[in-house]
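Enquirer: Structure supplied as structure_39.txt; contents: compact mmCIF, C-alpha atoms and all ligand atoms.
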# COMPACT_ATOMS: atom_id res chain seq x y z
CA MET M 1 3.34 -15.32 19.98
CA ALA M 2 0.42 -13.80 18.11
CA ARG M 3 0.56 -14.85 14.48
CA VAL M 4 -2.27 -13.71 12.25
CA TYR M 5 -3.80 -15.48 9.27
CA ASN M 6 -2.24 -13.50 6.44
CA PHE M 7 -4.24 -13.56 3.20
CA ALA M 8 -1.90 -11.17 1.37
CA ALA M 9 -1.36 -11.63 -2.35
CA GLY M 10 2.41 -11.30 -1.90
CA PRO M 11 4.69 -11.04 -0.08
CA ALA M 12 2.67 -13.70 1.61
CA THR M 13 2.53 -16.08 4.52
CA LEU M 14 5.34 -18.62 4.87
CA PRO M 15 5.28 -22.02 6.60
CA LEU M 16 5.77 -21.53 10.34
CA GLU M 17 8.24 -24.44 10.45
CA VAL M 18 10.42 -22.65 7.91
CA LEU M 19 10.43 -19.41 9.88
CA GLU M 20 11.19 -21.23 13.10
CA GLU M 21 14.08 -23.10 11.54
CA ALA M 22 15.45 -19.88 10.08
CA GLN M 23 15.09 -18.28 13.49
CA LYS M 24 17.15 -21.05 15.07
CA GLU M 25 19.86 -20.63 12.48
CA LEU M 26 19.72 -16.87 12.38
CA LEU M 27 22.84 -16.05 14.37
CA ASP M 28 24.96 -19.09 13.69
CA TYR M 29 24.40 -21.16 10.58
CA GLU M 30 25.86 -24.66 10.92
CA ASN M 31 28.63 -23.61 13.32
CA SER M 32 29.95 -21.01 10.91
CA GLY M 33 29.63 -18.40 13.65
CA MET M 34 27.63 -16.18 11.32
CA SER M 35 24.22 -15.71 9.80
CA VAL M 36 23.55 -16.74 6.19
CA MET M 37 22.95 -13.02 5.67
CA GLU M 38 26.56 -12.31 6.51
CA MET M 39 28.05 -15.09 4.46
CA SER M 40 30.00 -14.68 1.23
CA HIS M 41 28.06 -15.95 -1.75
CA ARG M 42 31.31 -17.54 -2.93
CA SER M 43 31.87 -19.46 0.30
CA LYS M 44 31.65 -23.24 0.23
CA LEU M 45 28.86 -23.22 2.78
CA TYR M 46 26.71 -20.83 0.76
CA GLN M 47 27.37 -22.68 -2.49
CA GLN M 48 26.01 -25.78 -0.78
CA ILE M 49 22.82 -23.88 0.14
CA LEU M 50 22.40 -22.74 -3.46
CA ALA M 51 23.15 -26.15 -4.97
CA GLN M 52 20.78 -27.88 -2.55
CA ALA M 53 17.99 -25.40 -3.32
CA GLU M 54 18.39 -26.05 -7.04
CA GLN M 55 18.54 -29.80 -6.53
CA ASP M 56 15.40 -29.81 -4.37
CA LEU M 57 13.51 -27.67 -6.86
CA ARG M 58 14.53 -30.06 -9.63
CA THR M 59 13.25 -32.98 -7.55
CA ILE M 60 9.96 -31.28 -6.67
CA LEU M 61 9.13 -30.45 -10.29
CA SER M 62 10.99 -33.36 -11.93
CA ILE M 63 12.74 -30.79 -14.06
CA PRO M 64 14.26 -32.50 -17.11
CA ASN M 65 18.03 -32.28 -17.60
CA ASN M 66 17.72 -30.07 -20.64
CA TYR M 67 16.38 -27.22 -18.50
CA GLN M 68 18.41 -24.77 -16.45
CA VAL M 69 17.27 -23.30 -13.14
CA LEU M 70 18.18 -19.71 -12.33
CA PHE M 71 17.76 -17.71 -9.14
CA LEU M 72 17.63 -14.10 -10.28
CA GLN M 73 16.40 -10.69 -9.11
CA GLY M 74 14.15 -8.01 -10.52
CA GLY M 75 10.82 -9.77 -9.95
CA GLY M 76 8.27 -10.67 -12.58
CA HIS M 77 8.68 -7.18 -14.00
CA LEU M 78 12.24 -7.75 -15.15
CA GLN M 79 11.18 -10.99 -16.84
CA PHE M 80 8.73 -8.96 -18.92
CA SER M 81 11.87 -7.47 -20.56
CA MET M 82 14.35 -10.34 -20.27
CA ILE M 83 12.04 -12.69 -22.15
CA PRO M 84 11.76 -10.62 -25.35
CA LEU M 85 15.39 -9.49 -25.14
CA ASN M 86 16.64 -13.07 -24.96
CA LEU M 87 14.06 -15.09 -26.85
CA MET M 88 13.27 -12.92 -29.85
CA LYS M 89 15.15 -14.08 -32.94
CA ASN M 90 12.47 -13.19 -35.49
CA ASP M 91 11.34 -10.18 -33.45
CA LYS M 92 7.86 -11.66 -33.16
CA ALA M 93 5.93 -12.92 -30.17
CA ASP M 94 2.31 -13.81 -29.50
CA TYR M 95 0.67 -12.90 -26.21
CA ILE M 96 -2.45 -14.14 -24.45
CA LEU M 97 -3.99 -11.45 -22.27
CA SER M 98 -5.73 -12.73 -19.16
CA GLY M 99 -5.15 -9.85 -16.78
CA HIS M 100 -3.03 -7.02 -15.53
CA TRP M 101 0.30 -8.85 -15.53
CA SER M 102 0.11 -10.38 -19.00
CA LYS M 103 -0.95 -6.99 -20.32
CA LYS M 104 2.07 -5.39 -18.72
CA ALA M 105 4.31 -8.09 -20.17
CA TYR M 106 2.81 -7.46 -23.61
CA GLU M 107 3.33 -3.69 -23.32
CA GLU M 108 6.96 -4.30 -22.39
CA GLY M 109 7.45 -6.89 -25.14
CA LYS M 110 6.24 -4.39 -27.76
CA LYS M 111 9.33 -2.28 -27.09
CA TYR M 112 11.51 -5.02 -28.54
CA GLY M 113 9.56 -6.50 -31.41
CA ASP M 114 6.27 -7.19 -33.10
CA CYS M 115 3.99 -8.48 -30.38
CA GLN M 116 0.51 -9.63 -31.22
CA ILE M 117 -2.44 -10.42 -28.95
CA ILE M 118 -3.82 -13.83 -29.97
CA ALA M 119 -6.46 -14.16 -27.23
CA SER M 120 -7.83 -11.86 -24.57
CA SER M 121 -10.56 -11.71 -21.97
CA GLU M 122 -10.27 -7.98 -21.44
CA ASP M 123 -13.78 -7.51 -22.89
CA VAL M 124 -15.23 -9.30 -19.84
CA GLY M 125 -13.02 -7.46 -17.37
CA PHE M 126 -10.68 -10.48 -17.19
CA MET M 127 -13.26 -12.35 -15.09
CA ARG M 128 -12.55 -15.52 -17.02
CA ILE M 129 -9.70 -17.18 -18.89
CA PRO M 130 -9.61 -16.31 -22.61
CA ASP M 131 -10.98 -18.78 -25.14
CA LEU M 132 -8.06 -20.80 -26.47
CA SER M 133 -9.98 -22.79 -29.07
CA SER M 134 -8.84 -20.91 -32.16
CA LEU M 135 -5.45 -19.43 -31.40
CA LYS M 136 -3.82 -17.94 -34.47
CA ILE M 137 -0.21 -18.42 -33.52
CA ARG M 138 2.16 -17.10 -36.12
CA PRO M 139 4.39 -19.89 -37.43
CA ASP M 140 7.46 -17.70 -37.02
CA ALA M 141 6.59 -16.38 -33.55
CA ASP M 142 9.54 -16.72 -31.19
CA TYR M 143 7.28 -17.66 -28.30
CA VAL M 144 3.73 -17.64 -26.98
CA TYR M 145 3.36 -15.86 -23.65
CA PHE M 146 0.69 -16.32 -21.00
CA CYS M 147 0.18 -15.81 -17.27
CA ASP M 148 -1.01 -19.05 -15.68
CA ASN M 149 -2.65 -17.70 -12.53
CA ASN M 150 -4.01 -14.18 -12.51
CA THR M 151 -3.42 -12.83 -9.05
CA LEU M 152 -5.61 -9.75 -9.33
CA TYR M 153 -8.58 -11.35 -11.05
CA GLY M 154 -8.55 -14.75 -9.32
CA THR M 155 -8.45 -16.80 -12.52
CA LYS M 156 -6.31 -19.74 -13.61
CA PHE M 157 -5.76 -21.64 -16.86
CA LYS M 158 -7.09 -25.20 -16.56
CA THR M 159 -5.48 -26.26 -19.82
CA TYR M 160 -2.43 -24.76 -21.43
CA PRO M 161 -2.34 -23.13 -24.85
CA LYS M 162 -1.37 -25.60 -27.56
CA THR M 163 1.53 -24.06 -29.40
CA ALA M 164 2.98 -27.02 -31.35
CA ASN M 165 6.68 -26.28 -31.71
CA ILE M 166 6.56 -22.62 -30.65
CA PRO M 167 8.06 -22.23 -27.14
CA LEU M 168 5.45 -21.59 -24.48
CA VAL M 169 6.43 -19.01 -21.85
CA SER M 170 4.53 -18.95 -18.58
CA ASP M 171 4.37 -16.48 -15.74
CA MET M 172 3.68 -18.78 -12.80
CA SER M 173 4.36 -16.17 -10.13
CA SER M 174 1.19 -16.82 -8.18
CA CYS M 175 0.78 -20.58 -8.68
CA PHE M 176 4.38 -21.79 -8.65
CA LEU M 177 4.71 -25.11 -6.78
CA SER M 178 1.03 -25.12 -5.89
CA GLU M 179 0.31 -28.12 -8.12
CA GLU M 180 2.07 -30.65 -10.32
CA VAL M 181 3.32 -29.25 -13.62
CA ASP M 182 4.88 -30.97 -16.61
CA VAL M 183 7.85 -28.68 -17.17
CA SER M 184 8.58 -30.23 -20.56
CA GLN M 185 5.52 -28.48 -22.01
CA PHE M 186 7.22 -25.13 -21.54
CA GLY M 187 10.11 -23.25 -23.08
CA LEU M 188 10.40 -21.00 -20.05
CA ILE M 189 8.68 -20.70 -16.68
CA PHE M 190 9.27 -17.86 -14.28
CA ALA M 191 7.97 -16.94 -10.85
CA GLY M 192 8.65 -14.34 -8.21
CA ALA M 193 9.25 -16.19 -4.95
CA GLN M 194 7.17 -13.93 -2.74
CA LYS M 195 3.87 -15.80 -2.99
CA ASN M 196 4.38 -19.52 -2.72
CA VAL M 197 8.04 -20.17 -2.10
CA GLY M 198 9.87 -17.49 -0.18
CA PRO M 199 10.51 -13.83 0.49
CA ALA M 200 10.48 -11.04 -2.09
CA GLY M 201 13.72 -10.50 -3.97
CA VAL M 202 14.18 -13.89 -5.62
CA THR M 203 12.91 -14.64 -9.12
CA ILE M 204 13.09 -18.21 -10.31
CA VAL M 205 13.51 -18.94 -14.02
CA ILE M 206 13.38 -22.41 -15.56
CA ILE M 207 14.58 -22.28 -19.14
CA ARG M 208 15.02 -24.94 -21.83
CA ASP M 209 18.58 -25.25 -23.15
CA ASP M 210 17.80 -24.37 -26.76
CA LEU M 211 16.38 -20.99 -25.65
CA ILE M 212 19.64 -19.97 -23.99
CA GLN M 213 20.93 -18.09 -26.97
CA GLU M 214 22.56 -14.83 -28.03
CA PRO M 215 20.22 -12.06 -26.94
CA LYS M 216 19.64 -8.81 -28.77
CA TRP M 217 22.96 -7.01 -29.14
CA PHE M 218 22.06 -4.20 -26.77
CA THR M 219 20.94 -6.46 -23.90
CA PRO M 220 22.72 -5.49 -20.68
CA THR M 221 24.97 -8.27 -19.40
CA MET M 222 22.87 -8.63 -16.25
CA LEU M 223 19.79 -9.34 -18.36
CA GLN M 224 21.28 -12.18 -20.40
CA TYR M 225 20.11 -15.66 -19.45
CA GLN M 226 23.29 -17.14 -20.94
CA VAL M 227 25.43 -15.16 -18.49
CA HIS M 228 23.47 -16.38 -15.47
CA VAL M 229 23.44 -19.95 -16.76
CA LYS M 230 27.22 -19.92 -17.26
CA SER M 231 27.82 -18.61 -13.76
CA HIS M 232 25.18 -20.81 -12.08
CA SER M 233 23.23 -17.83 -10.70
CA LEU M 234 26.43 -16.37 -9.24
CA TYR M 235 27.29 -13.79 -11.88
CA ASN M 236 26.83 -11.10 -9.27
CA THR M 237 25.83 -11.24 -5.62
CA PRO M 238 22.54 -13.13 -5.60
CA PRO M 239 19.78 -12.52 -3.02
CA THR M 240 21.53 -14.94 -0.68
CA TYR M 241 19.16 -14.96 2.27
CA GLY M 242 16.07 -15.12 0.09
CA ILE M 243 17.43 -18.14 -1.77
CA TYR M 244 18.22 -19.79 1.57
CA ILE M 245 14.58 -19.35 2.66
CA CYS M 246 13.32 -20.65 -0.70
CA GLY M 247 15.54 -23.68 -0.13
CA LYS M 248 13.89 -24.25 3.24
CA VAL M 249 10.43 -23.99 1.65
CA PHE M 250 11.49 -26.53 -1.00
CA GLN M 251 12.55 -28.90 1.79
CA TRP M 252 9.24 -28.33 3.55
CA ILE M 253 7.39 -29.22 0.33
CA LEU M 254 9.43 -32.39 -0.06
CA LYS M 255 9.06 -33.39 3.59
CA THR M 256 5.31 -32.92 3.51
CA GLY M 257 4.76 -35.13 0.48
CA GLY M 258 5.72 -33.05 -2.56
CA LEU M 259 3.43 -31.45 -5.09
CA LYS M 260 0.84 -34.22 -5.11
CA VAL M 261 0.05 -33.55 -1.46
CA ARG M 262 0.37 -29.75 -1.87
CA SER M 263 -2.01 -29.80 -4.78
CA LEU M 264 -4.65 -31.84 -2.92
CA TYR M 265 -4.33 -29.62 0.14
CA ASN M 266 -4.64 -26.47 -1.97
CA GLN M 267 -7.70 -27.84 -3.77
CA LYS M 268 -9.31 -28.74 -0.47
CA LYS M 269 -8.74 -25.23 0.91
CA ALA M 270 -10.13 -23.55 -2.19
CA LYS M 271 -13.14 -25.88 -2.30
CA LEU M 272 -14.04 -25.02 1.28
CA LEU M 273 -14.09 -21.34 0.45
CA TYR M 274 -15.80 -21.57 -2.94
CA ASP M 275 -18.44 -23.98 -1.60
CA TYR M 276 -19.18 -21.52 1.16
CA LEU M 277 -19.41 -18.65 -1.32
CA ASP M 278 -21.64 -20.60 -3.70
CA GLN M 279 -24.23 -21.45 -1.06
CA SER M 280 -24.20 -17.94 0.40
CA THR M 281 -26.94 -15.50 -0.51
CA TYR M 282 -24.90 -12.69 0.98
CA TYR M 283 -21.49 -12.92 -0.70
CA LYS M 284 -20.75 -12.75 -4.40
CA ALA M 285 -17.93 -14.49 -6.23
CA PRO M 286 -17.41 -12.63 -9.51
CA VAL M 287 -15.17 -15.08 -11.38
CA GLU M 288 -16.65 -17.60 -13.83
CA LYS M 289 -16.60 -21.01 -12.16
CA GLU M 290 -14.53 -22.76 -14.85
CA SER M 291 -11.81 -20.14 -14.55
CA ARG M 292 -11.47 -19.99 -10.78
CA SER M 293 -8.03 -19.83 -9.23
CA ILE M 294 -7.31 -21.98 -6.20
CA MET M 295 -4.70 -19.46 -5.03
CA ASN M 296 -6.53 -16.13 -5.14
CA VAL M 297 -10.23 -16.17 -4.29
CA LEU M 298 -12.20 -13.04 -5.12
CA PHE M 299 -15.46 -12.21 -3.40
CA SER M 300 -17.45 -9.26 -2.19
CA THR M 301 -20.36 -8.28 -0.04
CA GLY M 302 -21.86 -6.53 -3.05
CA LYS M 303 -21.23 -3.08 -1.67
CA GLU M 304 -17.90 -1.27 -1.63
CA GLU M 305 -18.35 0.43 1.75
CA ARG M 306 -19.25 -2.90 3.35
CA ASP M 307 -16.22 -4.57 1.78
CA ILE M 308 -14.08 -1.96 3.49
CA ILE M 309 -15.79 -2.64 6.83
CA PHE M 310 -15.34 -6.37 6.25
CA ALA M 311 -11.60 -6.04 5.63
CA SER M 312 -11.19 -3.83 8.66
CA GLU M 313 -13.20 -6.02 11.06
CA ALA M 314 -11.52 -9.16 9.72
CA SER M 315 -8.18 -7.56 10.39
CA GLN M 316 -9.14 -6.89 13.99
CA ALA M 317 -10.07 -10.57 14.25
CA GLY M 318 -6.59 -11.60 13.09
CA LEU M 319 -7.51 -12.26 9.44
CA VAL M 320 -5.41 -9.71 7.59
CA ASN M 321 -4.90 -8.38 4.06
CA LEU M 322 -8.29 -9.32 2.64
CA LYS M 323 -8.86 -6.09 0.77
CA GLY M 324 -9.02 -6.65 -3.00
CA HIS M 325 -6.50 -5.11 -5.38
CA ARG M 326 -7.06 -1.43 -6.08
CA LEU M 327 -7.89 -2.25 -9.74
CA THR M 328 -10.60 -4.80 -8.97
CA GLY M 329 -11.97 -3.61 -5.63
CA GLY M 330 -13.92 -6.08 -3.51
CA LEU M 331 -12.20 -8.64 -1.33
CA ARG M 332 -9.55 -11.24 -2.07
CA ALA M 333 -8.26 -14.13 -0.02
CA SER M 334 -4.89 -15.34 -1.25
CA ILE M 335 -4.52 -18.87 0.01
CA TYR M 336 -1.07 -19.89 -1.14
CA ASN M 337 0.84 -23.04 -0.15
CA ALA M 338 1.52 -21.94 3.42
CA MET M 339 -2.06 -20.92 4.25
CA THR M 340 -3.55 -23.66 6.40
CA ILE M 341 -7.01 -25.22 6.30
CA GLU M 342 -7.47 -23.79 9.81
CA GLY M 343 -6.85 -20.33 8.36
CA VAL M 344 -9.51 -20.83 5.69
CA GLU M 345 -11.95 -22.24 8.26
CA ALA M 346 -11.37 -19.23 10.48
CA LEU M 347 -12.09 -16.98 7.52
CA ILE M 348 -15.33 -18.79 6.69
CA GLU M 349 -16.42 -18.58 10.31
CA PHE M 350 -15.77 -14.87 10.30
CA MET M 351 -17.62 -14.46 6.99
CA GLU M 352 -20.64 -16.26 8.39
CA GLU M 353 -20.76 -14.06 11.48
CA PHE M 354 -20.25 -10.93 9.42
CA SER M 355 -23.03 -11.84 7.01
CA LYS M 356 -25.46 -12.50 9.85
CA LYS M 357 -24.61 -9.16 11.39
CA HIS M 358 -25.00 -7.25 8.12
CA MET M 359 -27.69 -9.24 6.29
CA LYS M 360 -30.33 -6.86 7.56
CA ASP M 361 -28.55 -3.81 6.08
CA ALA M 362 -28.22 -5.63 2.77
CA ASN M 363 -31.93 -6.53 2.71
CA GLU M 364 -32.93 -2.98 3.48
CA GLU M 365 -30.92 -1.50 0.59
C1 LIG M 401 1.24 -13.17 -11.79
C2 LIG M 401 2.19 -12.06 -11.49
N1 LIG M 401 3.14 -11.74 -12.38
C3 LIG M 401 4.01 -10.74 -12.16
C4 LIG M 401 3.95 -9.99 -11.02
C5 LIG M 401 4.92 -8.89 -10.80
O1 LIG M 401 5.88 -9.33 -9.94
P1 LIG M 401 7.00 -8.42 -9.24
O2 LIG M 401 6.31 -7.49 -8.33
O3 LIG M 401 7.83 -9.45 -8.55
O4 LIG M 401 7.75 -7.73 -10.32
C6 LIG M 401 2.99 -10.28 -10.04
C7 LIG M 401 2.93 -9.52 -8.80
O5 LIG M 401 2.09 -9.66 -7.96
C8 LIG M 401 2.09 -11.34 -10.30
O6 LIG M 401 1.12 -11.65 -9.42
Show the structure stored in the file as structure tokens.
Expert:
Amino acid sequence: MARVYNFAAGPATLPLEVLEEAQKELLDYENSGMSVMEMSHRSKLYQQILAQAEQDLRTILSIPNNYQVLFLQGGGHLQFSMIPLNLMKNDKADYILSGHWSKKAYEEGKKYGDCQIIASSEDVGFMRIPDLSSLKIRPDADYVYFCDNNTLYGTKFKTYPKTANIPLVSDMSSCFLSEEVDVSQFGLIFAGAQKNVGPAGVTIVIIRDDLIQEPKWFTPTMLQYQVHVKSHSLYNTPPTYGIYICGKVFQWILKTGGLKVRSLYNQKKAKLLYDYLDQSTYYKAPVEKESRSIMNVLFSTGKEERDIIFASEASQAGLVNLKGHRLTGGLRASIYNAMTIEGVEALIEFMEEFSKKHMKDANEE
């Protein structure tokens, strides 16, 4: 078996144990004589999978009882619409722009109401988290929206916006279950599964009870949180296999010590890489130190053509998907939950060799 170290931003690497378990159960899940893929979502066996996944997620995050957990579809993109459609009562929402995804959410939100930008770091190319010290949140805003970890720009909020009694909505797509989070600070949290917790096709929403309300009158039934809450994520056929894999990842997180252990492990991985970058005279890390993400680490050789060579040679060495996003260029190592310390060490080793090989070219430029 030749598994690579996959540094993709998502869909991303999954724990090997989870894949192996799924492989074992692929053809015959618990003596049912069929794969989970072939199983009715209304069957008792599948309902157990779904209920267990929800229960385990609740345990991992200590989700309070006044929050509902939904397993939906449509990715982060559909949440950009579902949030304003369902949460806007006064037709007003305040957005914090920290990158591509919050900007897209804001653009989508504007279609449904009066959306205002209350902080932004666009002026510095999103290379740091916006200043939150003097947020002018409107007292009648329906919610304040932000994106916790900015996948493209490699930044992460270290403190959350203080919104008093205005519901705080967070896109946690690229940091979900990577650290401990106090869910009670939020009105709504959402995350696409395809980075930290499972395959593409599952979107997890955690929503506080008081925000499950009548949506705008024209909201399609499928886009109403209240409908999915009432039917316990079984309003239509859910992404059954994807949820099953998420459930396995939740069990893996619990078995390996929960979010405390995950968080320490993730910090250790990121520190290894950032420490290496900081002492290097060859590589550059463009993100302001205080804003650095521990999930997506941006760096570059300082020259676009060499970044391309780097990504290509790394790939040949079994370190794949290191090319930066097309909007930012450079290189990016996404080191989500399932990336191992060995993977990060292998990357650093490769970086060191590459820099030695190319240092001369860089000096001659
Ligand atoms: C932070 C964040 N939000 C939203 C999205 C969009 O998610 P999707 O492709 O699932 O719609 C992404 C995708 O990478 C993301 O990283």
Enquirer: Which of these residues is nearest to ligand LIG 401 (chain M), using all atoms listed in the file: M:Tyr153, M:Tyr95, M:Phe7, M:Phe299?
Expert: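 Using all atoms listed in the file, the shortest distance to ligand LIG 401 (chain M) belongs to M:Tyr153.
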Enquirer: Find the residues near Thr203 of chain M: any atom within 10 Å, counting all atoms listed in the file, skip ones fewer than 4 places away on the same chain, and give them as a list in words.
Expert: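 Listing them by chain and then by number gives Leu70, Phe71, Leu72, Gln73, Gly74, Gly75, Gly76, His77, Leu78, Gln79, Ser173, Phe190, Ala191, Gly192, Ala193, Gln194, Gly198, Pro199, Pro239, Gly242 and Ile243 of chain M.
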Enquirer: Given the choices M:Ser233, M:Asn337, M:Gln116, M:Ser81, which gets closest to ligand LIG 401 (chain M) if the distance is worked out from all atoms listed in the file?
Expert: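 Nearest candidate to ligand LIG 401 (chain M) out of M:Ser233, M:Asn337, M:Gln116, M:Ser81: M:Ser81.
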Enquirer: As an exercise, work out the distance from atom CA of Phe310 of chain M to atom CA of Leu322 of chain M in Å and give it to one decimal place.
Expert: 8.5 Å
Enquirer: When distances are computed from all atoms listed in the file, which of M:Thr328, M:Asn149, M:Asn266, M:Gln47 shows the smallest separation from Thr340 of chain M?
Expert: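 Nearest candidate to Thr340 of chain M out of M:Thr328, M:Asn149, M:Asn266, M:Gln47: M:Asn266.
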Enquirer: Step by step, gather every atom of segment 99-111 of chain M that the file lists, find the box along x, y and z that holds them, add 3 Å on each side, and finally give centre and edge lengths in Å to one decimal, as JSON.
Expert:
{"center_x": 2.1, "center_y": -6.3, "center_z": -21.6, "size_x": 20.5, "size_y": 14.1, "size_z": 18.2}
Enquirer: List the neighbours of Gly343 of chain M out to 10 Å using only C-alpha atoms; skip same-chain residues closer than 6 positions along the sequence, and give me the result as an NGL selection string.
Expert: :M and (4-7 or 269 or 318-319 or 335 or 349)
Enquirer: In Å, rounded to a single decimal, give me how far atom CA of Arg332 of chain M is from atom CA of Thr159 of chain M.
Expert: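 Here the two named atoms are 23.6 Å from each other.
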Enquirer: Near segment 25-34 of chain M, counting only C-alpha atoms, which residues have an atom at most 12 Å away, once you skip same-chain residues fewer than 3 positions from it, shown as a list in words?
Expert: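 With the cut-off at 12 Å, the set is Val18, Leu19, Glu20, Glu21, Ala22, Met37, Glu38, Met39, Ser40, Ser43, Lys44, Leu45, Tyr46, Gln48, Ile49, Tyr241, Tyr244, Ile245 and Lys248 of chain M.
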Enquirer: Only N, CA and C atoms, please: segment 191-214 of chain M from the block, as a short mmCIF file (atom, residue, chain, number, x, y, z; two decimals), in the first residue's frame.
Expert:
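Everything below was put into selection_35.cif:
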data_model
loop_
_atom_site.label_atom_id
_atom_site.label_comp_id
_atom_site.auth_asym_id
_atom_site.auth_seq_id
_atom_site.Cartn_x
_atom_site.Cartn_y
_atom_site.Cartn_z
N ALA M 191 -20.14 23.74 9.32
CA ALA M 191 -18.87 23.27 8.76
C ALA M 191 -19.13 22.21 7.70
N GLY M 192 -18.47 22.35 6.59
CA GLY M 192 -18.45 21.26 5.61
C GLY M 192 -17.56 20.17 6.21
N ALA M 193 -17.93 18.91 5.98
CA ALA M 193 -17.18 17.83 6.63
C ALA M 193 -15.83 17.56 6.00
N GLN M 194 -15.64 18.02 4.78
CA GLN M 194 -14.55 17.48 3.94
C GLN M 194 -13.12 17.90 4.32
N LYS M 195 -12.97 18.58 5.46
CA LYS M 195 -11.61 18.95 5.86
C LYS M 195 -11.17 18.16 7.09
N ASN M 196 -11.95 18.31 8.15
CA ASN M 196 -11.52 17.68 9.41
C ASN M 196 -12.31 16.45 9.82
N VAL M 197 -13.49 16.25 9.26
CA VAL M 197 -14.32 15.20 9.85
C VAL M 197 -14.91 14.16 8.89
N GLY M 198 -14.66 14.26 7.62
CA GLY M 198 -15.26 13.24 6.76
C GLY M 198 -15.14 13.55 5.28
N PRO M 199 -15.94 12.87 4.48
CA PRO M 199 -15.87 13.12 3.04
C PRO M 199 -16.74 14.32 2.65
N ALA M 200 -16.57 14.80 1.44
CA ALA M 200 -17.41 15.89 0.93
C ALA M 200 -18.84 15.40 0.84
N GLY M 201 -19.78 16.33 0.98
CA GLY M 201 -21.19 15.97 0.81
C GLY M 201 -22.00 16.09 2.09
N VAL M 202 -21.32 16.24 3.21
CA VAL M 202 -22.03 16.42 4.49
C VAL M 202 -21.72 17.82 5.01
N THR M 203 -22.75 18.53 5.41
CA THR M 203 -22.56 19.83 6.06
C THR M 203 -23.18 19.76 7.44
N ILE M 204 -22.41 20.07 8.43
CA ILE M 204 -22.91 20.00 9.81
C ILE M 204 -23.33 21.39 10.27
N VAL M 205 -24.52 21.48 10.84
CA VAL M 205 -25.01 22.75 11.39
C VAL M 205 -25.38 22.52 12.84
N ILE M 206 -24.90 23.42 13.70
CA ILE M 206 -25.27 23.38 15.12
C ILE M 206 -26.00 24.69 15.39
N ILE M 207 -27.26 24.61 15.74
CA ILE M 207 -28.07 25.83 15.82
C ILE M 207 -28.81 25.90 17.16
N ARG M 208 -28.81 27.10 17.74
CA ARG M 208 -29.48 27.30 19.03
C ARG M 208 -31.00 27.32 18.83
N ASP M 209 -31.73 26.75 19.76
CA ASP M 209 -33.18 26.57 19.60
C ASP M 209 -33.92 27.85 19.21
N ASP M 210 -33.57 28.96 19.86
CA ASP M 210 -34.36 30.18 19.60
C ASP M 210 -34.16 30.72 18.18
N LEU M 211 -33.17 30.19 17.46
CA LEU M 211 -32.95 30.66 16.08
C LEU M 211 -33.65 29.76 15.05
N ILE M 212 -34.29 28.72 15.56
CA ILE M 212 -35.07 27.86 14.65
C ILE M 212 -36.45 28.48 14.57
N GLN M 213 -36.63 29.29 13.57
CA GLN M 213 -37.84 30.11 13.50
C GLN M 213 -38.40 30.09 12.09
N GLU M 214 -39.53 30.77 11.91
CA GLU M 214 -40.12 30.88 10.57
C GLU M 214 -39.12 31.60 9.66
#
